[in-house]
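Colleague: Enclosed is the structure file data26.cif (mmCIF, C-alpha atoms and all ligand atoms).
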data_query
loop_
_atom_site.label_atom_id
_atom_site.label_comp_id
_atom_site.auth_asym_id
_atom_site.auth_seq_id
_atom_site.Cartn_x
_atom_site.Cartn_y
_atom_site.Cartn_z
CA MET A 21 69.77 -83.97 -56.03
CA GLU A 22 70.72 -84.11 -52.40
CA LYS A 23 68.04 -85.16 -50.00
CA VAL A 24 66.42 -82.43 -47.92
CA LYS A 25 66.83 -82.97 -44.17
CA LYS A 26 65.35 -79.84 -42.67
CA VAL A 27 62.65 -77.57 -44.06
CA VAL A 28 61.01 -74.32 -42.91
CA LEU A 29 57.31 -74.30 -43.74
CA ALA A 30 55.12 -71.18 -43.98
CA TYR A 31 52.31 -72.17 -41.65
CA SER A 32 48.83 -70.76 -41.11
CA GLY A 33 47.14 -73.38 -38.94
CA GLY A 34 44.62 -74.25 -41.64
CA VAL A 35 43.98 -77.72 -43.05
CA ASP A 36 46.39 -77.49 -45.97
CA THR A 37 49.46 -76.23 -44.15
CA SER A 38 48.77 -78.61 -41.24
CA VAL A 39 48.62 -81.60 -43.57
CA CYS A 40 51.84 -80.34 -45.16
CA ILE A 41 53.71 -81.29 -41.97
CA PRO A 42 53.20 -85.09 -42.03
CA TYR A 43 53.23 -84.98 -45.81
CA LEU A 44 56.71 -83.43 -45.93
CA LYS A 45 57.94 -86.00 -43.42
CA ASN A 46 56.37 -89.06 -44.99
CA GLU A 47 56.24 -88.42 -48.72
CA TYR A 48 59.47 -86.44 -48.99
CA GLY A 49 61.30 -88.24 -46.17
CA ILE A 50 62.28 -84.96 -44.49
CA GLN A 51 63.35 -85.43 -40.87
CA GLU A 52 62.64 -82.02 -39.45
CA VAL A 53 59.80 -79.65 -40.31
CA ILE A 54 60.06 -76.23 -38.69
CA THR A 55 56.93 -74.12 -39.03
CA PHE A 56 56.83 -70.35 -39.28
CA VAL A 57 53.69 -68.37 -38.62
CA ALA A 58 53.69 -64.62 -39.12
CA ASP A 59 51.70 -62.17 -37.05
CA LEU A 60 50.54 -59.64 -39.63
CA GLY A 61 47.74 -58.29 -37.50
CA GLN A 62 45.24 -60.94 -38.59
CA GLY A 63 43.91 -61.17 -35.03
CA GLU A 64 44.25 -64.94 -34.62
CA ASP A 65 45.31 -66.89 -31.53
CA LEU A 66 48.92 -67.51 -32.52
CA LYS A 67 49.72 -69.51 -29.38
CA ALA A 68 47.04 -72.02 -30.36
CA ILE A 69 48.34 -72.11 -33.93
CA LYS A 70 51.86 -72.74 -32.65
CA GLN A 71 50.57 -75.60 -30.49
CA LYS A 72 48.69 -77.03 -33.46
CA ALA A 73 51.89 -77.06 -35.49
CA LEU A 74 53.70 -78.97 -32.75
CA ASN A 75 50.78 -81.39 -32.38
CA SER A 76 50.86 -81.96 -36.13
CA GLY A 77 54.48 -83.06 -35.95
CA ALA A 78 56.58 -79.91 -36.33
CA SER A 79 59.93 -80.17 -34.57
CA GLU A 80 59.88 -76.45 -33.85
CA ALA A 81 57.23 -73.75 -34.31
CA VAL A 82 58.43 -70.19 -34.77
CA VAL A 83 56.09 -67.22 -34.42
CA GLY A 84 57.23 -63.88 -35.82
CA ASN A 85 55.65 -60.55 -34.98
CA LEU A 86 55.89 -58.72 -38.28
CA VAL A 87 53.09 -56.18 -37.91
CA ASP A 88 55.21 -53.04 -37.57
CA LYS A 89 57.51 -54.02 -40.37
CA PHE A 90 54.55 -54.93 -42.55
CA VAL A 91 53.01 -51.49 -42.22
CA GLU A 92 56.23 -49.44 -42.32
CA ARG A 93 58.12 -51.24 -45.07
CA TYR A 94 55.32 -52.69 -47.17
CA ALA A 95 52.07 -50.76 -46.71
CA PHE A 96 53.62 -47.30 -46.52
CA PRO A 97 55.65 -47.69 -49.74
CA ALA A 98 52.40 -48.83 -51.38
CA ILE A 99 50.73 -45.63 -50.19
CA LYS A 100 53.59 -43.54 -51.62
CA ALA A 101 53.06 -45.43 -54.87
CA ASN A 102 49.25 -44.95 -54.77
CA ALA A 103 49.37 -48.63 -55.68
CA LEU A 104 46.18 -50.09 -57.11
CA TYR A 105 46.35 -53.20 -59.27
CA SER A 106 43.91 -52.81 -62.16
CA GLU A 107 43.10 -49.40 -60.71
CA LYS A 108 41.21 -51.12 -57.89
CA TYR A 109 43.04 -53.58 -55.62
CA PRO A 110 45.47 -52.04 -53.09
CA LEU A 111 47.47 -55.29 -52.84
CA SER A 112 46.63 -56.08 -49.21
CA THR A 113 47.44 -59.78 -49.63
CA ALA A 114 50.22 -59.39 -52.18
CA LEU A 115 52.23 -57.07 -49.91
CA ALA A 116 52.43 -59.67 -47.14
CA ARG A 117 54.03 -62.45 -49.18
CA PRO A 118 57.55 -61.11 -49.76
CA LEU A 119 57.82 -60.28 -46.04
CA ILE A 120 56.82 -63.84 -45.07
CA ALA A 121 59.24 -65.21 -47.67
CA GLN A 122 62.07 -63.10 -46.29
CA ASN A 123 61.44 -64.54 -42.83
CA LEU A 124 61.36 -68.10 -44.17
CA VAL A 125 64.77 -67.54 -45.73
CA ASN A 126 66.19 -65.95 -42.55
CA ILE A 127 64.95 -68.79 -40.37
CA ALA A 128 66.31 -71.36 -42.83
CA ARG A 129 69.72 -69.69 -42.49
CA GLU A 130 69.60 -69.50 -38.70
CA MET A 131 68.50 -73.09 -38.33
CA ASN A 132 70.63 -74.51 -41.08
CA ALA A 133 67.69 -75.77 -43.11
CA ASP A 134 68.26 -76.71 -46.72
CA ALA A 135 64.76 -75.98 -47.98
CA VAL A 136 61.66 -73.86 -47.45
CA ALA A 137 58.06 -74.86 -48.15
CA HIS A 138 54.63 -73.27 -48.54
CA GLY A 139 51.10 -74.52 -48.99
CA CYS A 140 50.06 -72.49 -52.05
CA THR A 141 48.19 -74.20 -54.84
CA GLY A 142 49.24 -74.04 -58.46
CA LYS A 143 46.57 -71.66 -59.70
CA GLY A 144 46.97 -68.59 -57.50
CA ASN A 145 49.25 -65.57 -57.33
CA ASP A 146 50.66 -66.24 -53.88
CA GLN A 147 52.89 -69.08 -55.11
CA LEU A 148 54.61 -66.61 -57.45
CA ARG A 149 55.17 -64.08 -54.71
CA PHE A 150 56.69 -66.72 -52.42
CA ASP A 151 58.80 -68.47 -55.03
CA LEU A 152 60.19 -65.32 -56.66
CA ALA A 153 61.03 -63.73 -53.31
CA ILE A 154 62.72 -66.90 -52.07
CA ASN A 155 64.67 -67.20 -55.32
CA ALA A 156 65.83 -63.60 -54.95
CA LEU A 157 66.89 -63.87 -51.29
CA GLY A 158 68.09 -67.47 -51.06
CA PRO A 159 68.69 -68.77 -54.55
CA ASP A 160 70.39 -71.88 -53.17
CA LEU A 161 67.36 -72.92 -51.10
CA LYS A 162 65.13 -75.64 -52.43
CA ILE A 163 61.42 -74.73 -52.53
CA ILE A 164 58.98 -77.52 -51.74
CA THR A 165 55.31 -77.03 -52.52
CA PRO A 166 53.25 -80.05 -51.46
CA ALA A 167 49.85 -78.56 -52.36
CA ARG A 168 51.02 -78.00 -55.94
CA GLU A 169 51.82 -81.68 -56.22
CA TRP A 170 49.57 -83.79 -54.06
CA ASN A 171 46.34 -83.67 -56.07
CA MET A 172 44.17 -84.24 -53.03
CA SER A 173 40.67 -82.85 -52.65
CA ARG A 174 39.91 -81.08 -49.41
CA GLU A 175 38.23 -84.22 -48.06
CA GLU A 176 41.24 -86.35 -49.00
CA ALA A 177 43.59 -83.86 -47.36
CA ILE A 178 41.54 -83.99 -44.15
CA ALA A 179 41.56 -87.81 -44.24
CA TYR A 180 45.33 -87.80 -44.81
CA GLY A 181 45.79 -85.50 -41.82
CA GLU A 182 43.58 -87.65 -39.60
CA LYS A 183 45.88 -90.62 -40.21
CA PHE A 184 48.61 -88.57 -38.55
CA GLY A 185 46.56 -87.27 -35.65
CA ILE A 186 45.50 -83.96 -37.18
CA PRO A 187 41.87 -83.54 -36.14
CA ALA A 188 39.35 -82.70 -38.86
CA PRO A 189 38.13 -79.10 -38.53
CA VAL A 190 35.29 -79.00 -36.00
CA SER A 191 33.53 -75.85 -37.07
CA LYS A 192 31.73 -76.08 -40.36
CA LYS A 193 34.16 -74.73 -42.90
CA SER A 194 33.31 -71.31 -44.22
CA PRO A 195 32.25 -71.60 -47.85
CA TYR A 196 34.77 -68.87 -48.68
CA SER A 197 38.52 -68.73 -49.12
CA ILE A 198 39.70 -65.88 -46.97
CA ASP A 199 43.06 -64.19 -46.42
CA VAL A 200 43.33 -61.65 -43.60
CA ASN A 201 45.93 -59.26 -42.28
CA LEU A 202 45.96 -55.80 -40.73
CA LEU A 203 45.50 -54.15 -44.14
CA GLY A 204 42.38 -56.01 -45.06
CA ARG A 205 40.56 -59.15 -46.10
CA SER A 206 40.33 -60.97 -49.40
CA ILE A 207 37.31 -63.20 -49.92
CA GLU A 208 36.88 -65.66 -52.77
CA ALA A 209 34.96 -68.81 -53.73
CA GLY A 210 31.57 -70.21 -52.75
CA ILE A 211 28.63 -68.28 -54.12
CA LEU A 212 31.02 -65.45 -55.12
CA GLU A 213 32.22 -67.55 -58.04
CA ASP A 214 29.15 -66.31 -59.89
CA PRO A 215 30.23 -62.77 -60.83
CA MET A 216 26.61 -61.63 -61.09
CA GLN A 217 25.81 -62.72 -57.53
CA GLU A 218 25.88 -59.87 -55.05
CA PRO A 219 28.20 -60.65 -52.12
CA PRO A 220 26.08 -61.72 -49.14
CA ASP A 221 26.51 -59.75 -45.92
CA ASP A 222 28.32 -62.59 -44.16
CA VAL A 223 31.46 -62.17 -46.29
CA PHE A 224 32.23 -58.83 -44.65
CA SER A 225 33.64 -58.27 -41.19
CA MET A 226 35.68 -55.04 -41.30
CA THR A 227 33.12 -52.80 -42.96
CA SER A 228 29.46 -51.96 -42.37
CA SER A 229 26.87 -52.20 -45.08
CA ILE A 230 25.54 -48.88 -46.35
CA GLU A 231 22.28 -49.58 -44.50
CA ASN A 232 24.00 -50.14 -41.16
CA ALA A 233 26.44 -47.25 -41.50
CA PRO A 234 25.63 -44.27 -39.28
CA ASN A 235 23.32 -41.61 -40.71
CA ALA A 236 25.57 -38.85 -39.42
CA SER A 237 28.73 -38.14 -41.38
CA GLN A 238 32.14 -37.79 -39.76
CA ASP A 239 35.03 -35.55 -40.86
CA ILE A 240 38.62 -36.55 -40.27
CA GLU A 241 41.96 -34.92 -41.01
CA ILE A 242 44.98 -37.01 -41.98
CA THR A 243 48.48 -35.54 -41.70
CA PHE A 244 51.25 -36.71 -44.04
CA LYS A 245 55.00 -36.21 -43.79
CA ASN A 246 57.30 -37.14 -46.66
CA GLY A 247 54.45 -39.01 -48.29
CA VAL A 248 53.46 -41.17 -45.34
CA PRO A 249 50.67 -40.68 -42.82
CA VAL A 250 51.81 -39.58 -39.35
CA GLY A 251 48.65 -38.43 -37.62
CA ILE A 252 44.89 -38.24 -37.49
CA GLY A 253 43.19 -35.11 -36.19
CA ASN A 254 45.40 -33.70 -33.46
CA ASP A 255 47.05 -37.01 -32.62
CA PHE A 256 50.40 -38.20 -33.83
CA LEU A 257 50.13 -41.97 -34.18
CA THR A 258 52.39 -44.91 -34.98
CA PRO A 259 52.02 -46.47 -38.44
CA VAL A 260 50.13 -49.45 -37.02
CA GLU A 261 47.84 -47.18 -34.97
CA ILE A 262 47.04 -45.16 -38.08
CA ILE A 263 45.95 -48.21 -40.05
CA LYS A 264 43.94 -49.58 -37.14
CA THR A 265 42.23 -46.26 -36.44
CA LEU A 266 41.30 -45.70 -40.07
CA ASN A 267 40.13 -49.31 -40.48
CA ASP A 268 37.73 -48.70 -37.61
CA LEU A 269 36.55 -45.25 -38.70
CA ALA A 270 36.22 -45.85 -42.42
CA GLY A 271 34.94 -49.41 -41.88
CA LYS A 272 32.21 -48.16 -39.57
CA HIS A 273 31.02 -45.81 -42.32
CA GLY A 274 30.96 -48.61 -44.88
CA PHE A 275 33.94 -47.42 -46.89
CA GLY A 276 36.54 -49.79 -48.34
CA ARG A 277 34.65 -52.62 -50.03
CA ILE A 278 35.84 -53.73 -53.45
CA ASP A 279 34.07 -56.15 -55.78
CA MET A 280 36.07 -56.88 -58.93
CA ILE A 281 37.03 -59.27 -61.67
CA GLU A 282 40.76 -59.72 -61.29
CA ASP A 283 43.34 -60.94 -63.79
CA ARG A 284 45.61 -63.42 -62.08
CA VAL A 285 49.16 -63.87 -63.32
CA VAL A 286 48.40 -67.47 -64.32
CA GLY A 287 45.86 -66.27 -66.86
CA ILE A 288 42.68 -66.89 -64.93
CA LYS A 289 40.05 -64.23 -64.33
CA SER A 290 38.66 -64.48 -60.83
CA ARG A 291 35.96 -62.72 -58.85
CA GLU A 292 37.43 -61.04 -55.79
CA ILE A 293 35.93 -59.25 -52.84
CA TYR A 294 38.13 -57.10 -50.64
CA GLU A 295 37.66 -54.96 -47.58
CA VAL A 296 40.51 -52.52 -47.19
CA PRO A 297 39.09 -49.43 -45.45
CA GLY A 298 42.19 -47.83 -43.94
CA LEU A 299 44.62 -48.56 -46.77
CA LEU A 300 42.27 -47.41 -49.52
CA LEU A 301 41.42 -44.22 -47.65
CA LEU A 302 45.12 -43.43 -47.17
CA ILE A 303 45.88 -43.95 -50.85
CA GLN A 304 43.07 -41.60 -51.85
CA ALA A 305 44.11 -38.95 -49.32
CA HIS A 306 47.80 -39.28 -50.28
CA LYS A 307 47.01 -38.86 -53.94
CA GLU A 308 45.03 -35.76 -53.12
CA LEU A 309 47.94 -34.21 -51.24
CA GLU A 310 50.19 -34.94 -54.21
CA SER A 311 47.83 -32.96 -56.43
CA LEU A 312 48.63 -29.93 -54.26
CA THR A 313 52.36 -30.47 -53.79
CA LEU A 314 53.73 -32.09 -56.97
CA ASN A 315 54.17 -30.56 -60.41
CA ALA A 316 51.84 -31.65 -63.19
CA ASP A 317 54.55 -33.41 -65.20
CA VAL A 318 55.73 -35.33 -62.14
CA ILE A 319 52.17 -36.41 -61.34
CA ASP A 320 51.65 -37.53 -64.93
CA PHE A 321 54.84 -39.56 -65.15
CA LYS A 322 54.40 -40.95 -61.65
CA GLY A 323 51.07 -42.37 -62.78
CA THR A 324 52.91 -44.60 -65.23
CA VAL A 325 55.38 -45.62 -62.53
CA GLU A 326 52.56 -46.35 -60.08
CA LYS A 327 50.81 -48.65 -62.49
CA LYS A 328 53.99 -50.60 -63.15
CA TRP A 329 54.87 -50.70 -59.44
CA ALA A 330 51.48 -52.23 -58.61
CA GLN A 331 51.84 -54.80 -61.39
CA LEU A 332 55.32 -55.80 -60.23
CA VAL A 333 54.18 -56.28 -56.65
CA TYR A 334 51.10 -58.20 -57.75
CA GLN A 335 53.20 -60.42 -59.99
CA GLY A 336 55.80 -61.33 -57.38
CA PHE A 337 58.70 -58.99 -58.21
CA TRP A 338 58.96 -57.22 -54.84
CA PHE A 339 62.67 -58.07 -54.67
CA GLY A 340 63.61 -57.13 -58.21
CA PRO A 341 65.71 -54.52 -59.99
CA LEU A 342 62.85 -52.66 -61.65
CA LYS A 343 60.83 -52.44 -58.45
CA GLN A 344 63.95 -51.13 -56.69
CA ALA A 345 64.54 -48.49 -59.33
CA LEU A 346 60.91 -47.38 -59.29
CA ASP A 347 61.09 -47.09 -55.50
CA ALA A 348 64.00 -44.69 -55.88
CA PHE A 349 61.99 -42.54 -58.27
CA ILE A 350 58.93 -42.56 -56.02
CA SER A 351 60.98 -41.70 -52.92
CA SER A 352 62.53 -38.72 -54.61
CA THR A 353 59.07 -37.31 -55.30
CA GLN A 354 57.84 -37.67 -51.73
CA THR A 355 59.99 -35.15 -49.85
CA SER A 356 57.48 -32.42 -50.67
CA VAL A 357 54.36 -34.43 -49.90
CA ASN A 358 53.67 -32.80 -46.54
CA GLY A 359 50.38 -31.52 -45.26
CA LYS A 360 46.84 -32.44 -44.33
CA VAL A 361 43.82 -33.82 -46.11
CA LYS A 362 40.28 -33.51 -44.82
CA VAL A 363 37.88 -36.34 -45.59
CA ARG A 364 34.18 -36.76 -44.94
CA LEU A 365 33.06 -40.32 -44.22
CA HIS A 366 29.43 -41.05 -44.92
CA LYS A 367 27.44 -44.10 -46.05
CA GLY A 368 30.16 -45.89 -47.99
CA ASN A 369 31.85 -42.75 -49.29
CA ALA A 370 35.06 -41.01 -48.36
CA THR A 371 34.81 -37.57 -49.92
CA ILE A 372 37.79 -35.26 -49.93
CA ILE A 373 36.65 -31.87 -48.67
CA GLY A 374 39.95 -30.05 -48.14
CA ARG A 375 43.75 -30.15 -48.41
CA VAL A 376 46.54 -27.94 -47.14
CA SER A 377 50.34 -27.87 -47.12
CA GLU A 378 52.15 -25.29 -45.06
CA ASN A 379 55.52 -25.39 -46.82
CA ASN A 380 55.02 -27.34 -50.03
CA SER A 381 51.76 -26.18 -51.57
CA LEU A 382 52.20 -25.25 -55.23
CA TYR A 383 48.75 -23.68 -55.25
CA ARG A 384 49.02 -19.89 -55.48
CA GLU A 385 45.89 -17.96 -54.77
CA ASP A 386 47.29 -14.80 -56.38
CA LEU A 387 47.59 -16.74 -59.66
CA ALA A 388 44.38 -18.73 -59.35
CA THR A 389 42.04 -16.04 -58.12
CA TYR A 390 39.27 -14.44 -60.19
CA SER A 391 39.25 -11.40 -57.90
CA HIS A 392 41.09 -8.06 -58.19
CA ASP A 393 44.11 -9.56 -56.46
CA ASP A 394 44.94 -11.50 -59.63
CA ILE A 395 48.59 -11.02 -60.62
CA PHE A 396 48.52 -13.28 -63.69
CA ASN A 397 49.35 -11.40 -66.91
CA HIS A 398 46.49 -12.18 -69.28
CA GLU A 399 48.10 -10.49 -72.30
CA TYR A 400 50.86 -13.07 -72.54
CA ALA A 401 48.25 -15.71 -73.31
CA GLU A 402 47.86 -14.54 -76.91
CA GLY A 403 51.52 -15.09 -77.82
CA PHE A 404 51.58 -18.35 -75.94
CA ILE A 405 48.57 -19.70 -77.82
CA TYR A 406 50.01 -18.49 -81.17
CA MET A 407 52.85 -20.96 -80.76
CA TRP A 408 50.99 -23.62 -78.76
CA GLY A 409 48.46 -24.07 -81.58
CA MET A 410 50.78 -23.49 -84.54
CA SER A 411 51.18 -27.07 -85.73
CA ASN A 412 47.50 -27.80 -85.26
CA LYS A 413 46.51 -24.69 -87.23
CA THR A 414 48.89 -25.65 -90.04
CA TRP A 415 47.37 -29.11 -90.21
CA ALA A 416 43.83 -27.71 -90.31
CA GLU A 417 44.63 -25.23 -93.08
CA ILE A 418 46.25 -27.87 -95.29
CA ASN A 419 43.32 -30.20 -94.78
CA LEU A 420 40.77 -27.56 -95.62
CA LYS A 421 42.64 -26.76 -98.85
CA ASN A 422 42.79 -30.42 -99.87
CA LYS A 423 39.08 -31.05 -99.37
N1 LIG B 1 43.63 -62.43 -55.45
C1 LIG B 1 44.31 -61.77 -54.40
C2 LIG B 1 45.78 -61.65 -54.72
O1 LIG B 1 46.22 -62.26 -55.62
C3 LIG B 1 44.05 -62.43 -53.07
C4 LIG B 1 44.70 -63.76 -52.85
C5 LIG B 1 44.22 -64.34 -51.57
N2 LIG B 1 45.09 -65.41 -51.19
C6 LIG B 1 44.68 -66.49 -50.58
N3 LIG B 1 45.56 -67.41 -50.32
N4 LIG B 1 43.41 -66.68 -50.29
O2 LIG B 1 46.50 -60.92 -54.08
#
As structure tokens - that is how I would like this structure written.
Ligand code: ARG
Modeller:
Amino acid sequence: MEKVKKVVLAYSGGVDTSVCIPYLKNEYGIQEVITFVADLGQGEDLKAIKQKALNSGASEAVVGNLVDKFVERYAFPAIKANALYSEKYPLSTALARPLIAQNLVNIAREMNADAVAHGCTGKGNDQLRFDLAINALGPDLKIITPAREWNMSREEAIAYGEKFGIPAPVSKKSPYSIDVNLLGRSIEAGILEDPMQEPPDDVFSMTSSIENAPNASQDIEITFKNGVPVGIGNDFLTPVEIIKTLNDLAGKHGFGRIDMIEDRVVGIKSREIYEVPGLLLLIQAHKELESLTLNADVIDFKGTVEKKWAQLVYQGFWFGPLKQALDAFISSTQTSVNGKVKVRLHKGNATIIGRVSENNSLYREDLATYSHDDIFNHEYAEGFIYMWGMSNKTWAEINLKNK
């Protein structure tokens, strides 16, 4: 195989991806390591991270502001899909990976690199999401994954970095493994590895505990157009503003914490804590509006599609033919998902208390009502039930006879 000369590395500024820089140069003999760090709304000092990459030996450090794209092209489709992996996890981390991978491939093209690299270990899901996306977008690019190969403990990695002028982390390392972006936080490891251990308060930073949440409830109204949120209360907001606003509101009321046992693709069960206040609230509200504006058979079948969609995204198939086809189905259902949903936030709960759709509501009061205004013809029910229950009645009669 030809020797790699230039590589684009997905960089976070942490120990592992920092150590990757000298490692790629020294162990793989690569001349140029270009780092890429994505702004996904994680609220970190990206200038400092860029400088750290250069200090660690990167020949160039690229920073990409991907926040808008992340919300519009990744989070919003997930809302349309009501996507929850294992009926719980709204994919906050998983959604970010294909977008980062796409940027790695683009930068590799622009800068004439012959490989891309990432710092994922061999036992997580993120490696799949990176590798499959890179394979789909740049099948000719070589993928280098130092952390899957180097077999160093954290202490050894720090010592390796120190040899090349990468300072050991000064602050005491958090006992947790955390991934953050605008959609939420994922927290693993440390004491959380015991599934019976309640998560201590210090793992959370976007959501209040039930105790600290305000005693007074708060009602909010979310407006959707074509299946995506466009406003809160009387304000029309940008996609990023919507997520931020709902993160703050729902988080303040203690809504959006998830504690689950998750089935990783590599066959391991792991204990995961998430905080995803805005995204989870939007999925619940969106689903509610669909109950008003979609037909029962569409809702039923869409449920199957949603489950598969979430699995595909979790498993790394964002850029794949089935995911693409399911997106087309989902999109075609969303043109009538227009209206408002009213939600009450209180002490960890988001309770739906109302829904309305001016032009697309399939709810008809004249059919549903129990008052005199009822226009439903009750007599037709008898004939309908005669046929509806025919096969069941036949079965029951035969069984009674045979007893
Ligand atoms: N288990 C979650 C997922 O697979 C979160 C992964 C968090 N990633 C990380 N590098 N800490 O999506």
Colleague: For Met131 in chain A, which residue out of A:Asn201, A:Gln331, A:Ser79, A:Asn145 is the nearest one, using all atoms listed in the file?
Modeller: A:Ser79
Colleague: For ligand LIG 1 (chain B), list the contacting residues at 6 Å or closer, counting only C-alpha atoms and all ligand atoms, as a list of chain:residue names.
Modeller: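 The neighbouring residues of ligand LIG 1 (chain B) are, in order, A:Leu111, A:Thr113, A:Ala114, A:Asn145, A:Ser197, A:Ile198, A:Asp199, A:Ser206.
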Colleague: For each of A:Arg284, A:His366, A:Lys89, A:Lys423, take the minimum atom-to-atom distance to Tyr105 in chain A, counting all atoms listed in the file, then give the residue where this is smallest.
Modeller: A:Arg284
Colleague: Find, counting all atoms listed in the file, the residue in A:Ile154, A:Val223, A:Ala101, A:Val91 that gets nearest to Leu346 in chain A.
Modeller: A:Ala101
Colleague: Could you list, as a ChimeraX atom specification, every residue within 10 Å of range 377-384 of chain A, counting all atoms listed in the file and ignoring same-chain residues fewer than 5 positions away?
Modeller: /A:243-244,309-315,355-361,389
Colleague: Tell me which protein, DNA and RNA residues are within 9 Å of Glu92 in chain A, counting all atoms listed in the file, leaving out same-chain ones fewer than 5 positions away, and put them as JSON, numbers by chain.
Modeller: {"A": [87, 97, 259, 260]}
Colleague: So the first atom is CA of Ala209 in chain A and the second is CA of Gln62 in chain A; what is the distance between them in Å, to one decimal place?
Modeller: 19.9 Å
Colleague: Report the distance between CA of Leu148 in chain A and CA of Tyr31 in chain A in Å, rounded to one decimal place.
Modeller: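 Between these atoms lies a distance of 16.9 Å.
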Colleague: What lies within 8 Å of Ala305 in chain A using all atoms listed in the file, ignoring chain neighbours under 6 positions off, as a list in words?
Modeller: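 Using all atoms listed in the file, the neighbours found are Ile242, Val361, Val363 and Ile372 of chain A.
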Colleague: Tell me, in Å to one decimal, how far CA of Val285 in chain A is from CA of Thr227 in chain A.
Modeller: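 According to the coordinates, CA of Val285 in chain A and CA of Thr227 in chain A are separated by 28.2 Å.
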Colleague: Using all atoms listed in the file, which residues sit within 12 Å of Ser225 in chain A once same-chain residues fewer than 2 positions away are excluded, as a VMD selection string?
Modeller: chain A and resid 198 200 204 to 207 220 to 223 227 to 229 267 to 268 271 to 272 274 276 to 277 293 to 297
